[in-house]
Amino acid sequence: MKLTQRQLKVLNHVVVNGQEWADNAKKESSVLAKVAKYESAYDEAVAKGNYLNRQQRDDEEARLIQERYDNAPWNIKRERDYPSLLECVHAILDGELDALQAKRKIVKERHPKGGN
(Lines give C-alpha, C1' and ligand atoms only; values in the text may rest on other atoms or scores of the structure.)
Protein backbone atom coordinates (compact mmCIF):
# COMPACT_ATOMS: atom_id res chain seq x y z
CA MET A 1 0.00 0.00 0.00
CA LYS A 2 1.26 3.46 -0.85
CA LEU A 3 1.45 5.62 2.27
CA THR A 4 1.89 9.35 2.61
CA GLN A 5 4.90 10.51 4.63
CA ARG A 6 2.60 11.43 7.51
CA GLN A 7 0.82 8.07 7.49
CA LEU A 8 4.18 6.29 7.49
CA LYS A 9 5.42 8.42 10.41
CA VAL A 10 2.26 7.69 12.42
CA LEU A 11 2.55 3.95 11.74
CA ASN A 12 6.26 4.01 12.61
CA HIS A 13 5.24 5.54 15.92
CA VAL A 14 3.39 2.34 16.90
CA VAL A 15 4.99 -0.45 14.85
CA VAL A 16 8.63 -1.19 14.04
CA ASN A 17 8.23 -1.01 10.27
CA GLY A 18 5.13 0.89 9.21
CA GLN A 19 5.50 0.22 5.50
CA GLU A 20 5.94 -3.51 6.02
CA TRP A 21 2.97 -3.57 8.38
CA ALA A 22 0.82 -1.72 5.83
CA ASP A 23 1.96 -4.00 2.99
CA ASN A 24 0.88 -7.05 5.00
CA ALA A 25 -2.44 -5.63 6.17
CA LYS A 26 -5.49 -7.48 4.89
CA LYS A 27 -7.46 -4.31 4.15
CA GLU A 28 -6.54 -0.74 3.36
CA SER A 29 -9.28 0.30 5.79
CA SER A 30 -7.33 -1.41 8.61
CA VAL A 31 -4.27 0.67 7.81
CA LEU A 32 -6.24 3.89 7.68
CA ALA A 33 -8.02 3.02 10.94
CA LYS A 34 -4.68 2.41 12.69
CA VAL A 35 -3.30 5.70 11.39
CA ALA A 36 -6.42 7.54 12.59
CA LYS A 37 -6.28 5.84 15.98
CA TYR A 38 -2.67 6.83 16.70
CA GLU A 39 -2.41 10.15 14.89
CA SER A 40 -3.03 12.28 17.99
CA ALA A 41 -0.64 10.19 20.11
CA TYR A 42 2.02 10.69 17.43
CA ASP A 43 1.39 14.47 17.36
CA GLU A 44 1.63 14.68 21.16
CA ALA A 45 4.88 12.72 21.22
CA VAL A 46 6.43 14.92 18.53
CA ALA A 47 5.30 18.08 20.34
CA LYS A 48 7.13 17.00 23.51
CA GLY A 49 10.45 17.11 21.65
CA ASN A 50 13.22 14.51 21.35
CA TYR A 51 10.86 12.29 19.38
CA LEU A 52 11.77 8.64 18.86
CA ASN A 53 9.80 6.27 16.64
CA ARG A 54 8.96 2.72 17.73
CA GLN A 55 12.20 1.20 16.37
CA GLN A 56 14.30 3.87 18.05
CA ARG A 57 12.45 3.41 21.36
CA ASP A 58 12.93 -0.36 21.18
CA ASP A 59 16.63 0.09 20.38
CA GLU A 60 17.06 2.50 23.29
CA GLU A 61 15.30 0.12 25.67
CA ALA A 62 17.56 -2.74 24.54
CA ARG A 63 20.62 -0.50 25.03
CA LEU A 64 19.52 0.40 28.57
CA ILE A 65 18.86 -3.24 29.45
CA GLN A 66 22.32 -4.20 28.17
CA GLU A 67 23.87 -1.30 30.07
CA ARG A 68 22.22 -2.42 33.33
CA TYR A 69 23.41 -5.98 32.69
CA ASP A 70 26.98 -4.85 31.97
CA ASN A 71 27.10 -2.49 34.97
CA ALA A 72 25.65 -4.89 37.52
CA PRO A 73 27.34 -5.03 40.94
CA TRP A 74 30.17 -7.51 41.47
CA ASN A 75 28.00 -9.94 43.43
CA ILE A 76 25.44 -10.21 40.62
CA LYS A 77 28.17 -10.70 38.02
CA ARG A 78 29.77 -13.33 40.22
CA GLU A 79 26.47 -15.14 40.71
CA ARG A 80 25.89 -15.21 36.93
CA ASP A 81 29.32 -16.76 36.29
CA TYR A 82 29.40 -19.34 39.06
CA PRO A 83 28.77 -22.96 38.06
CA SER A 84 25.10 -23.84 38.36
CA LEU A 85 23.77 -25.92 41.22
CA LEU A 86 23.36 -28.82 38.81
CA GLU A 87 27.01 -28.50 37.73
CA CYS A 88 28.03 -28.52 41.39
CA VAL A 89 25.99 -31.64 42.12
CA HIS A 90 27.52 -33.44 39.13
CA ALA A 91 31.02 -32.38 40.16
CA ILE A 92 30.43 -33.72 43.68
CA LEU A 93 28.95 -37.00 42.45
CA ASP A 94 31.62 -37.43 39.78
CA GLY A 95 34.49 -36.66 42.18
CA GLU A 96 35.51 -33.53 40.24
CA LEU A 97 35.69 -31.06 43.13
CA ASP A 98 39.14 -29.78 42.12
CA ALA A 99 37.85 -28.74 38.69
CA LEU A 100 34.79 -27.12 40.29
CA GLN A 101 36.95 -25.17 42.75
CA ALA A 102 39.19 -24.06 39.88
CA LYS A 103 36.14 -22.66 38.04
CA ARG A 104 35.00 -20.89 41.20
CA LYS A 105 38.45 -19.40 41.72
CA ILE A 106 38.46 -17.96 38.20
CA VAL A 107 35.05 -16.37 38.81
CA LYS A 108 36.20 -14.87 42.13
CA GLU A 109 39.27 -13.40 40.46
CA ARG A 110 37.19 -12.00 37.60
CA HIS A 111 34.67 -10.43 40.01
CA PRO A 112 36.43 -9.67 43.32
CA LYS A 113 34.38 -8.75 46.38
CA GLY A 114 33.48 -5.10 46.42
CA GLY A 115 34.69 -4.65 42.84
CA ASN A 116 32.65 -3.75 39.79
# chains A, B, ... in the order shown; residues from 1 in each chain; ligands from 1
>>> residues_around(residues="Arg54 of chain A", least_positions_apart="5", cutoff="10 Å", atoms="only C-alpha atoms", output="PyMOL selection string")
chain A and resi 9-18+59-60
>>> residues_around(residues="segment 74-81 of chain A", least_positions_apart="3", cutoff="12 Å", atoms="only C-alpha atoms", output="list in words")
Arg68, Tyr69, Asp70, Asn71, Ser84, Leu85, Lys103, Arg104, Lys105, Ile106, Val107, Lys108, Glu109, Arg110, His111, Pro112, Lys113, Gly114, Gly115 and Asn116 of chain A
>>> atom_distance(atom1="atom CA of Ala22 of chain A", atom2="atom CA of Asn53 of chain A")
16.2 Å
>>> select_by_dssp(residues="chain A", states="helix (DSSP H, G or I)", output="number ranges by chain")
A: 5-14, 18-24, 28-47, 54-70, 74-81, 85-93, 97-110
>>> residues_around(residues="Ala33 of chain A", least_positions_apart="4", cutoff="12 Å", atoms="only C-alpha atoms", output="list in words")
Gln7, Val10, Leu11, Ala22, Ala25, Lys27, Glu28, Ser29, Lys37, Tyr38 and Glu39 of chain A
>>> atom_distance(atom1="atom CA of Ile65 of chain A", atom2="atom CA of Gln19 of chain A")
27.6 Å
>>> atom_distance(atom1="atom CA of Ser30 of chain A", atom2="atom CA of Gln55 of chain A")
21.2 Å
>>> residues_around(residues="Cys88 of chain A", least_positions_apart="6", cutoff="12 Å", atoms="only C-alpha atoms", output="list of chain:residue names")
A:Tyr82, A:Asp94, A:Gly95, A:Glu96, A:Leu97, A:Asp98, A:Ala99, A:Leu100, A:Gln101, A:Lys103, A:Arg104
